>>> print(open('entry.tsv').read())   # TSV, C-alpha atoms
chain	number	residue	atom	x	y	z
R	1	MET	CA	100.27	73.19	86.54
R	2	LEU	CA	98.79	75.98	84.40
R	3	LYS	CA	98.60	78.20	87.46
R	4	ASN	CA	102.29	77.61	88.14
R	5	VAL	CA	103.15	78.50	84.54
R	6	TYR	CA	101.03	81.66	84.79
R	7	ASN	CA	102.70	82.66	88.07
R	8	TRP	CA	106.15	82.04	86.58
R	9	ILE	CA	105.35	84.32	83.62
R	10	ASP	CA	103.65	86.89	85.84
R	11	GLU	CA	106.70	87.19	88.09
R	12	ARG	CA	108.81	88.17	85.10
R	13	LEU	CA	106.41	90.20	82.93
R	14	ASP	CA	103.75	91.40	85.42
R	15	ILE	CA	100.89	90.44	83.09
R	16	THR	CA	98.15	90.44	85.75
R	17	PRO	CA	97.38	94.20	85.44
R	18	MET	CA	97.02	93.84	81.65
R	19	TRP	CA	94.80	90.77	82.03
R	20	ARG	CA	92.64	92.49	84.65
R	21	ASP	CA	92.27	95.53	82.43
R	22	VAL	CA	90.71	93.29	79.76
R	23	ALA	CA	88.81	90.78	81.93
R	24	ASP	CA	87.27	93.36	84.29
R	25	HIS	CA	86.10	95.69	81.53
R	26	GLU	CA	82.35	96.19	81.84
R	27	VAL	CA	80.12	95.44	78.87
R	28	PRO	CA	77.28	97.93	78.32
R	29	GLU	CA	73.79	96.64	79.09
R	30	HIS	CA	72.51	97.32	75.58
R	31	VAL	CA	74.83	94.65	74.13
R	32	ASN	CA	73.74	91.95	76.58
R	33	PRO	CA	71.27	89.56	74.87
R	34	ALA	CA	70.06	88.43	78.30
R	35	HIS	CA	68.59	91.91	78.84
R	36	HIS	CA	67.63	92.95	75.31
R	37	PHE	CA	66.82	90.61	72.43
R	38	SER	CA	67.89	93.33	69.96
R	39	ALA	CA	71.37	93.11	71.48
R	40	PHE	CA	72.04	90.09	69.24
R	41	VAL	CA	72.82	92.51	66.40
R	42	TYR	CA	75.81	93.66	68.45
R	43	CYS	CA	77.22	90.13	68.25
R	44	PHE	CA	77.91	90.34	64.51
R	45	GLY	CA	81.35	91.87	65.06
R	46	GLY	CA	82.38	89.19	67.55
R	47	LEU	CA	81.06	86.45	65.29
R	48	THR	CA	83.00	87.91	62.37
R	49	PHE	CA	86.19	87.82	64.43
R	50	PHE	CA	85.46	84.23	65.56
R	51	ILE	CA	85.07	83.08	61.95
R	52	THR	CA	88.24	84.98	61.01
R	53	VAL	CA	90.16	83.04	63.66
R	54	ILE	CA	88.78	79.78	62.23
R	55	GLN	CA	89.87	80.89	58.77
R	56	ILE	CA	93.40	81.61	59.99
R	57	LEU	CA	93.74	78.29	61.84
R	58	SER	CA	92.24	76.20	59.04
R	59	GLY	CA	94.36	78.08	56.49
R	60	MET	CA	97.51	77.26	58.44
R	61	PHE	CA	96.53	73.58	58.28
R	62	LEU	CA	95.88	73.76	54.52
R	63	THR	CA	99.27	75.34	53.78
R	64	MET	CA	100.95	72.26	55.28
R	65	TYR	CA	99.73	70.25	52.27
R	66	TYR	CA	99.15	72.76	49.48
R	67	VAL	CA	101.73	73.07	46.69
R	68	PRO	CA	101.52	76.45	44.88
R	69	ASP	CA	102.46	75.47	41.34
R	70	ILE	CA	100.31	74.64	38.32
R	71	ILE	CA	101.59	71.06	38.12
R	72	ASN	CA	100.84	70.00	41.68
R	73	ALA	CA	98.27	72.50	43.01
R	74	TYR	CA	95.14	70.54	42.09
R	75	ALA	CA	96.73	67.23	43.04
R	76	SER	CA	97.70	68.57	46.47
R	77	VAL	CA	94.14	69.79	47.09
R	78	ASP	CA	92.75	66.44	45.95
R	79	TYR	CA	95.17	64.62	48.26
R	80	LEU	CA	94.16	66.83	51.17
R	81	GLN	CA	90.48	66.28	50.39
R	82	HIS	CA	90.57	62.49	50.13
R	83	LYS	CA	93.71	61.18	51.83
R	84	VAL	CA	94.47	63.39	54.83
R	85	ALA	CA	92.60	62.63	58.05
R	86	PHE	CA	89.92	65.30	58.59
R	87	GLY	CA	91.30	67.13	55.55
R	88	ALA	CA	87.90	67.37	53.87
R	89	ILE	CA	86.37	68.80	57.06
R	90	VAL	CA	89.06	71.44	57.50
R	91	ARG	CA	88.96	72.42	53.84
R	92	GLY	CA	85.17	72.60	54.02
R	93	MET	CA	85.40	74.87	57.05
R	94	HIS	CA	87.81	77.14	55.20
R	95	HIS	CA	85.75	77.10	52.01
R	96	TRP	CA	82.39	77.92	53.59
R	97	GLY	CA	83.97	80.18	56.19
R	98	ALA	CA	85.28	82.39	53.37
R	99	SER	CA	81.70	83.13	52.33
R	100	LEU	CA	80.30	83.27	55.85
R	101	VAL	CA	82.85	85.81	57.07
R	102	ILE	CA	81.84	88.18	54.24
R	103	VAL	CA	78.16	87.77	55.14
R	104	MET	CA	78.80	88.40	58.85
R	105	MET	CA	81.00	91.39	58.09
R	106	PHE	CA	78.30	92.83	55.84
R	107	LEU	CA	75.71	92.40	58.61
R	108	HIS	CA	78.12	94.00	61.08
R	109	THR	CA	78.62	96.94	58.71
R	110	LEU	CA	74.86	97.38	58.35
R	111	ARG	CA	74.46	97.38	62.14
R	112	VAL	CA	77.16	100.02	62.53
R	113	PHE	CA	75.58	102.16	59.82
R	114	PHE	CA	71.96	101.98	60.96
R	115	THR	CA	72.82	102.57	64.63
R	116	GLY	CA	74.97	105.56	63.71
R	117	SER	CA	78.06	104.01	65.29
R	118	TYR	CA	80.28	105.44	62.56
R	119	LYS	CA	79.76	109.01	63.77
R	120	ASN	CA	81.95	111.13	66.03
R	121	PRO	CA	84.18	110.00	67.69
R	122	ARG	CA	84.35	106.71	65.79
R	123	GLU	CA	84.95	107.92	62.22
R	124	MET	CA	88.49	106.48	62.12
R	125	ASN	CA	87.26	103.10	63.27
R	126	TRP	CA	84.65	103.12	60.51
R	127	VAL	CA	87.39	103.78	57.94
R	128	VAL	CA	89.50	100.95	59.39
R	129	GLY	CA	86.46	98.65	59.29
R	130	VAL	CA	85.86	99.44	55.61
R	131	MET	CA	89.53	98.68	54.90
R	132	ILE	CA	89.15	95.33	56.70
R	133	PHE	CA	86.13	94.59	54.50
R	134	PHE	CA	88.15	95.18	51.32
R	135	VAL	CA	91.04	93.06	52.65
R	136	MET	CA	88.56	90.23	53.25
R	137	LEU	CA	87.29	90.56	49.69
R	138	GLY	CA	90.89	90.40	48.50
R	139	LEU	CA	91.46	87.23	50.51
R	140	GLY	CA	88.38	85.68	48.95
R	141	LEU	CA	89.52	86.66	45.45
R	142	THR	CA	93.08	85.37	45.80
R	143	GLY	CA	92.03	82.19	47.58
R	144	TYR	CA	89.53	81.28	44.86
R	145	LEU	CA	92.28	80.54	42.33
R	146	LEU	CA	94.37	78.29	44.56
R	147	PRO	CA	92.59	74.95	43.87
R	148	TRP	CA	93.57	75.49	40.21
R	149	ASP	CA	90.52	73.79	38.73
R	150	ASN	CA	88.51	74.94	35.71
R	151	LYS	CA	86.07	77.01	37.74
R	152	ALA	CA	88.85	78.83	39.57
R	153	TYR	CA	90.86	79.39	36.38
R	154	PHE	CA	88.08	80.88	34.27
R	155	ALA	CA	86.64	82.90	37.14
R	156	THR	CA	90.06	84.47	37.66
R	157	LYS	CA	90.36	85.24	33.95
R	158	VAL	CA	87.06	87.12	34.14
R	159	THR	CA	88.29	88.94	37.26
R	160	MET	CA	91.48	89.99	35.48
R	161	GLU	CA	89.49	91.41	32.58
R	162	ILE	CA	87.30	93.37	34.97
R	163	THR	CA	90.41	94.66	36.73
R	164	SER	CA	91.97	95.81	33.46
R	165	SER	CA	88.88	97.89	32.67
R	166	ALA	CA	89.56	100.22	35.63
R	167	PRO	CA	90.53	103.72	34.43
R	168	PHE	CA	94.25	104.62	34.21
R	169	VAL	CA	95.63	101.92	36.57
R	170	GLY	CA	93.63	98.88	35.45
R	171	GLU	CA	96.26	97.42	33.14
R	172	TYR	CA	99.03	97.97	35.70
R	173	ILE	CA	97.07	96.20	38.43
R	174	LYS	CA	96.26	93.35	36.06
R	175	SER	CA	99.93	93.00	35.11
R	176	LEU	CA	101.00	93.06	38.75
R	177	LEU	CA	98.49	90.39	39.80
R	178	GLN	CA	98.69	88.21	36.70
R	179	GLY	CA	102.47	88.29	36.37
R	180	GLY	CA	102.39	87.95	32.60
R	181	ASP	CA	100.15	87.90	29.54
R	182	ILE	CA	98.06	84.95	30.71
R	183	VAL	CA	96.67	83.47	33.90
R	184	GLY	CA	99.37	80.92	34.60
R	185	ALA	CA	102.12	79.83	36.95
R	186	GLN	CA	103.12	83.37	37.93
R	187	THR	CA	99.49	84.23	38.68
R	188	LEU	CA	99.06	81.25	40.95
R	189	THR	CA	102.30	81.98	42.81
R	190	ARG	CA	101.43	85.64	43.28
R	191	PHE	CA	97.90	84.89	44.44
R	192	PHE	CA	99.26	82.38	46.93
R	193	ALA	CA	101.79	84.88	48.32
R	194	ILE	CA	99.17	87.62	48.56
R	195	HIS	CA	96.64	85.26	50.15
R	196	VAL	CA	98.99	83.71	52.71
R	197	PHE	CA	101.47	86.49	53.54
R	198	PHE	CA	100.61	90.00	52.39
R	199	LEU	CA	96.88	90.31	53.05
R	200	PRO	CA	96.92	88.42	56.39
R	201	GLY	CA	99.68	90.75	57.59
R	202	VAL	CA	97.61	93.80	56.64
R	203	LEU	CA	94.52	92.20	58.19
R	204	LEU	CA	96.19	91.58	61.55
R	205	GLY	CA	97.43	95.17	61.66
R	206	LEU	CA	93.99	96.56	60.86
R	207	LEU	CA	92.31	94.27	63.40
R	208	GLY	CA	94.76	95.42	66.05
R	209	ALA	CA	93.90	99.06	65.28
R	210	HIS	CA	90.18	98.23	65.21
R	211	PHE	CA	90.20	96.56	68.62
R	212	PHE	CA	92.44	99.25	70.11
R	213	MET	CA	89.95	101.96	69.14
R	214	ILE	CA	87.00	99.89	70.37
R	215	ARG	CA	88.77	99.46	73.70
R	216	LYS	CA	89.62	103.15	73.84
R	217	GLN	CA	86.24	104.52	72.79
R	218	GLY	CA	84.00	101.80	74.18
R	219	ILE	CA	81.19	99.87	72.48
R	220	SER	CA	78.80	102.19	70.72
R	221	GLY	CA	75.13	102.34	71.65
R	222	PRO	CA	71.95	102.84	69.63
R	223	LEU	CA	70.95	106.25	68.35
>>> encode(input="entry.tsv", output="C-alpha cells")
Amino acid sequence: MLKNVYNWIDERLDITPMWRDVADHEVPEHVNPAHHFSAFVYCFGGLTFFITVIQILSGMFLTMYYVPDIINAYASVDYLQHKVAFGAIVRGMHHWGASLVIVMMFLHTLRVFFTGSYKNPREMNWVVGVMIFFVMLGLGLTGYLLPWDNKAYFATKVTMEITSSAPFVGEYIKSLLQGGDIVGAQTLTRFFAIHVFFLPGVLLGLLGAHFFMIRKQGISGPL
C-alpha cells in the first residue's frame, strides 16, 4: 500500500531523484563509529536535531491542553500532568529535553570549535549555528514561565531585571517582553506566543539553512 502511495506521488512530483540525492549521499569514514571510536563526537549534531524533533512533537501535544492565561495556566498544566493519559510522560520528555538539547548543542559546538570545523569555507554555517544556540536559549527562557508557578514567576522576574540592566536597550527589551510594569498576564501571553510561534519559526528557518550548507559543503573532518 505504501509503495502504491509513493508511486502515485512520484508520478506527479518526480520525487525519486530528490530522495536518491539524499539517500545515496556517502558519509565520510571519519564520522562512522564502526571505524573510529572518536567518530561518536560527530554524532552530537544529529542527536541535537533528534532531541529538537522530540521537543517539537511533545510541544505540539502540550499546546492541545495548555491555556495561556494567569487564571487557568497552572490548572491546565496540573490537569495535563495528572488527568491526561501519558500527559506526565510527555511533559517530562519536554521538560528534560529542554535541558538536554542545550547540553547536546553545547557539546556539538565544542566539537566544531576544537576540530576547526568553523573555518573556511564553513564560517557562515558557524554563524548560523550560534544563532540556533541563542534561539534555543530563548525557547528555554520563554518556556520556563508557562507553568505559572512560584518558581517560574520569580525566576522570570529576576530575568527581567537582568534584561533591563543591558546598556541602552535593556529597558525597551524588558518592556517588550514583559508587556507592562509587572510580570503578569501580558507577560505570560507574550512568552507563550514567542515560545510557540515566533522562535520555532526562526528555528526552522535557521535549521533549513544549516542543513543546506552541510549538504552543500559536506561534513567537516578533523584538523
>>> closest_atom_pairs(input="entry.tsv", of="range 13-87 of chain R", to="range 187-207 of chain R", cutoff="12 Å", atoms="all atoms listed in the file", output="CSV")
residue,atom,partner,partner_atom,distance
R:Gly45,CA,R:Leu207,CA,11.3
R:Gly46,CA,R:Leu207,CA,11.9
R:Thr48,CA,R:Leu207,CA,11.3
R:Phe49,CA,R:Leu207,CA,9.0
R:Thr52,CA,R:Leu203,CA,10.0
R:Val53,CA,R:Leu204,CA,10.7
R:Gln55,CA,R:Pro200,CA,10.6
R:Ile56,CA,R:Pro200,CA,8.5
R:Leu57,CA,R:Val196,CA,11.8
R:Ser58,CA,R:Val196,CA,11.9
R:Gly59,CA,R:Val196,CA,8.2
R:Met60,CA,R:Val196,CA,8.8
R:Phe61,CA,R:Val196,CA,11.8
R:Leu62,CA,R:Val196,CA,10.6
R:Thr63,CA,R:Val196,CA,8.4
R:Met64,CA,R:Val196,CA,11.9
R:Tyr66,CA,R:Phe192,CA,10.0
R:Val67,CA,R:Phe192,CA,9.6
R:Pro68,CA,R:Thr189,CA,6.0
R:Asp69,CA,R:Thr189,CA,6.7
R:Ile70,CA,R:Leu188,CA,7.2
R:Ile71,CA,R:Leu188,CA,10.9
R:Asn72,CA,R:Leu188,CA,11.4
R:Ala73,CA,R:Leu188,CA,9.0
R:Tyr74,CA,R:Leu188,CA,11.5
>>> residues_around(input="entry.tsv", residues="Phe106 in chain R", least_positions_apart="6", cutoff="12 Å", atoms="all atoms listed in the file", output="number ranges by chain")
R: 41, 44-45, 47-48, 99-100, 112-113, 129-130, 132-134, 136-137
>>> closest_residue(input="entry.tsv", among="R:Val128, R:Phe40, R:Asp149, R:Gly143", to="Asp78 in chain R", atoms="all atoms listed in the file")
R:Asp149
>>> atom_distance(input="entry.tsv", atom1="CA of Ala152 in chain R", atom2="CA of Tyr79 in chain R")
17.8 Å
>>> atom_distance(input="entry.tsv", atom1="CA of Ala88 in chain R", atom2="CA of Ala155 in chain R")
22.9 Å
>>> atom_distance(input="entry.tsv", atom1="CA of His210 in chain R", atom2="CA of Ala39 in chain R")
20.5 Å
>>> closest_residue(input="entry.tsv", among="R:Val127, R:Val90, R:Leu13, R:Ala85", to="Thr109 in chain R", atoms="all atoms listed in the file")
R:Val127
>>> axis_aligned_box(input="entry.tsv", around="range 45-57 of chain R", padding_each_side="8 Å", output="JSON")
{"center_x": 87.4, "center_y": 85.1, "center_z": 63.2, "size_x": 28.7, "size_y": 29.6, "size_z": 24.8}
>>> decode(input="entry.tsv", residues="range 34-83 of chain R", atoms="N, CA and C atoms", output="mmCIF file, in the first residue's frame")
data_model
loop_
_atom_site.group_PDB
_atom_site.id
_atom_site.type_symbol
_atom_site.label_atom_id
_atom_site.label_comp_id
_atom_site.auth_asym_id
_atom_site.auth_seq_id
_atom_site.Cartn_x
_atom_site.Cartn_y
_atom_site.Cartn_z
ATOM 1 N N ALA R 34 31.687 2.822 13.550
ATOM 2 C CA ALA R 34 32.124 1.448 13.358
ATOM 3 C C ALA R 34 33.606 1.383 12.991
ATOM 4 N N HIS R 35 34.134 2.475 12.437
ATOM 5 C CA HIS R 35 35.532 2.506 12.007
ATOM 6 C C HIS R 35 36.425 3.258 12.992
ATOM 7 N N HIS R 36 35.876 4.288 13.619
ATOM 8 C CA HIS R 36 36.660 5.090 14.552
ATOM 9 C C HIS R 36 35.797 5.398 15.767
ATOM 10 N N PHE R 37 36.288 5.037 16.958
ATOM 11 C CA PHE R 37 35.528 5.307 18.171
ATOM 12 C C PHE R 37 35.346 6.808 18.376
ATOM 13 N N SER R 38 36.367 7.603 17.990
ATOM 14 C CA SER R 38 36.289 9.058 18.154
ATOM 15 C C SER R 38 35.192 9.683 17.292
ATOM 16 N N ALA R 39 34.667 8.893 16.338
ATOM 17 C CA ALA R 39 33.621 9.416 15.460
ATOM 18 C C ALA R 39 32.331 9.696 16.216
ATOM 19 N N PHE R 40 32.205 9.184 17.451
ATOM 20 C CA PHE R 40 30.988 9.440 18.227
ATOM 21 C C PHE R 40 30.789 10.938 18.476
ATOM 22 N N VAL R 41 31.893 11.697 18.519
ATOM 23 C CA VAL R 41 31.742 13.137 18.763
ATOM 24 C C VAL R 41 31.043 13.813 17.588
ATOM 25 N N TYR R 42 31.059 13.178 16.418
ATOM 26 C CA TYR R 42 30.376 13.729 15.255
ATOM 27 C C TYR R 42 28.876 13.430 15.276
ATOM 28 N N CYS R 43 28.437 12.701 16.286
ATOM 29 C CA CYS R 43 27.009 12.386 16.414
ATOM 30 C C CYS R 43 26.258 13.442 17.223
ATOM 31 N N PHE R 44 26.984 14.367 17.846
ATOM 32 C CA PHE R 44 26.329 15.348 18.713
ATOM 33 C C PHE R 44 25.329 16.206 17.937
ATOM 34 N N GLY R 45 25.668 16.567 16.709
ATOM 35 C CA GLY R 45 24.748 17.378 15.911
ATOM 36 C C GLY R 45 23.473 16.632 15.591
ATOM 37 N N GLY R 46 23.607 15.369 15.181
ATOM 38 C CA GLY R 46 22.432 14.557 14.881
ATOM 39 C C GLY R 46 21.577 14.314 16.104
ATOM 40 N N LEU R 47 22.226 14.088 17.253
ATOM 41 C CA LEU R 47 21.481 13.885 18.493
ATOM 42 C C LEU R 47 20.747 15.162 18.902
ATOM 43 N N THR R 48 21.386 16.306 18.681
ATOM 44 C CA THR R 48 20.727 17.577 18.978
ATOM 45 C C THR R 48 19.467 17.744 18.135
ATOM 46 N N PHE R 49 19.572 17.406 16.854
ATOM 47 C CA PHE R 49 18.407 17.514 15.972
ATOM 48 C C PHE R 49 17.313 16.529 16.391
ATOM 49 N N PHE R 50 17.706 15.310 16.782
ATOM 50 C CA PHE R 50 16.731 14.305 17.218
ATOM 51 C C PHE R 50 15.957 14.801 18.442
ATOM 52 N N ILE R 51 16.675 15.383 19.409
ATOM 53 C CA ILE R 51 16.003 15.899 20.605
ATOM 54 C C ILE R 51 15.113 17.087 20.241
ATOM 55 N N THR R 52 15.563 17.907 19.284
ATOM 56 C CA THR R 52 14.751 19.041 18.842
ATOM 57 C C THR R 52 13.430 18.566 18.245
ATOM 58 N N VAL R 53 13.474 17.499 17.464
ATOM 59 C CA VAL R 53 12.246 16.934 16.898
ATOM 60 C C VAL R 53 11.316 16.463 18.017
ATOM 61 N N ILE R 54 11.882 15.808 19.038
ATOM 62 C CA ILE R 54 11.075 15.373 20.181
ATOM 63 C C ILE R 54 10.450 16.572 20.878
ATOM 64 N N GLN R 55 11.213 17.642 21.013
ATOM 65 C CA GLN R 55 10.694 18.851 21.649
ATOM 66 C C GLN R 55 9.530 19.437 20.856
ATOM 67 N N ILE R 56 9.652 19.442 19.549
ATOM 68 C CA ILE R 56 8.577 19.987 18.706
ATOM 69 C C ILE R 56 7.317 19.130 18.824
ATOM 70 N N LEU R 57 7.477 17.811 18.724
ATOM 71 C CA LEU R 57 6.315 16.917 18.776
ATOM 72 C C LEU R 57 5.652 16.939 20.150
ATOM 73 N N SER R 58 6.457 16.883 21.211
ATOM 74 C CA SER R 58 5.884 16.918 22.556
ATOM 75 C C SER R 58 5.252 18.279 22.835
ATOM 76 N N GLY R 59 5.874 19.353 22.311
ATOM 77 C CA GLY R 59 5.292 20.685 22.490
ATOM 78 C C GLY R 59 3.949 20.825 21.803
ATOM 79 N N MET R 60 3.812 20.224 20.627
ATOM 80 C CA MET R 60 2.525 20.246 19.929
ATOM 81 C C MET R 60 1.451 19.556 20.759
ATOM 82 N N PHE R 61 1.825 18.464 21.417
ATOM 83 C CA PHE R 61 0.877 17.751 22.286
ATOM 84 C C PHE R 61 0.489 18.628 23.478
ATOM 85 N N LEU R 62 1.469 19.307 24.080
ATOM 86 C CA LEU R 62 1.193 20.118 25.264
ATOM 87 C C LEU R 62 0.276 21.293 24.946
ATOM 88 N N THR R 63 0.418 21.884 23.766
ATOM 89 C CA THR R 63 -0.419 23.034 23.409
ATOM 90 C C THR R 63 -1.890 22.660 23.242
ATOM 91 N N MET R 64 -2.173 21.367 23.088
ATOM 92 C CA MET R 64 -3.570 20.926 22.976
ATOM 93 C C MET R 64 -4.305 21.063 24.302
ATOM 94 N N TYR R 65 -3.546 21.175 25.407
ATOM 95 C CA TYR R 65 -4.175 21.241 26.733
ATOM 96 C C TYR R 65 -3.837 22.527 27.484
ATOM 97 N N TYR R 66 -2.772 23.190 27.095
ATOM 98 C CA TYR R 66 -2.328 24.368 27.846
ATOM 99 C C TYR R 66 -3.217 25.573 27.556
ATOM 100 N N VAL R 67 -3.510 26.345 28.607
ATOM 101 C CA VAL R 67 -4.308 27.567 28.487
ATOM 102 C C VAL R 67 -3.436 28.743 28.916
ATOM 103 N N PRO R 68 -3.069 29.633 27.983
ATOM 104 C CA PRO R 68 -2.099 30.701 28.291
ATOM 105 C C PRO R 68 -2.702 31.932 28.947
ATOM 106 N N ASP R 69 -3.310 31.765 30.118
ATOM 107 C CA ASP R 69 -3.722 32.926 30.896
ATOM 108 C C ASP R 69 -3.458 32.649 32.370
ATOM 109 N N ILE R 70 -3.319 33.700 33.160
ATOM 110 C CA ILE R 70 -2.866 33.546 34.542
ATOM 111 C C ILE R 70 -3.898 32.851 35.428
ATOM 112 N N ILE R 71 -5.137 32.788 34.988
ATOM 113 C CA ILE R 71 -6.174 32.124 35.785
ATOM 114 C C ILE R 71 -6.115 30.610 35.596
ATOM 115 N N ASN R 72 -5.896 30.182 34.374
ATOM 116 C CA ASN R 72 -6.006 28.752 34.056
ATOM 117 C C ASN R 72 -4.691 28.066 33.690
ATOM 118 N N ALA R 73 -3.598 28.807 33.596
ATOM 119 C CA ALA R 73 -2.341 28.214 33.132
ATOM 120 C C ALA R 73 -1.883 27.076 34.040
ATOM 121 N N TYR R 74 -1.777 27.347 35.335
ATOM 122 C CA TYR R 74 -1.302 26.314 36.264
ATOM 123 C C TYR R 74 -2.278 25.147 36.335
ATOM 124 N N ALA R 75 -3.568 25.452 36.327
ATOM 125 C CA ALA R 75 -4.579 24.399 36.386
ATOM 126 C C ALA R 75 -4.515 23.501 35.156
ATOM 127 N N SER R 76 -4.252 24.086 33.988
ATOM 128 C CA SER R 76 -4.178 23.289 32.764
ATOM 129 C C SER R 76 -2.952 22.380 32.778
ATOM 130 N N VAL R 77 -1.848 22.879 33.328
ATOM 131 C CA VAL R 77 -0.643 22.048 33.448
ATOM 132 C C VAL R 77 -0.877 20.928 34.447
ATOM 133 N N ASP R 78 -1.536 21.243 35.553
ATOM 134 C CA ASP R 78 -1.838 20.227 36.564
ATOM 135 C C ASP R 78 -2.777 19.159 36.006
ATOM 136 N N TYR R 79 -3.759 19.586 35.216
ATOM 137 C CA TYR R 79 -4.672 18.639 34.579
ATOM 138 C C TYR R 79 -3.925 17.731 33.614
ATOM 139 N N LEU R 80 -3.038 18.325 32.820
ATOM 140 C CA LEU R 80 -2.246 17.539 31.880
ATOM 141 C C LEU R 80 -1.369 16.538 32.619
ATOM 142 N N GLN R 81 -0.812 16.970 33.734
ATOM 143 C CA GLN R 81 0.120 16.135 34.491
ATOM 144 C C GLN R 81 -0.564 14.947 35.154
ATOM 145 N N HIS R 82 -1.787 15.130 35.621
ATOM 146 C CA HIS R 82 -2.415 14.107 36.459
ATOM 147 C C HIS R 82 -3.658 13.460 35.858
ATOM 148 N N LYS R 83 -4.262 14.066 34.851
ATOM 149 C CA LYS R 83 -5.515 13.539 34.323
ATOM 150 C C LYS R 83 -5.410 12.990 32.901
#
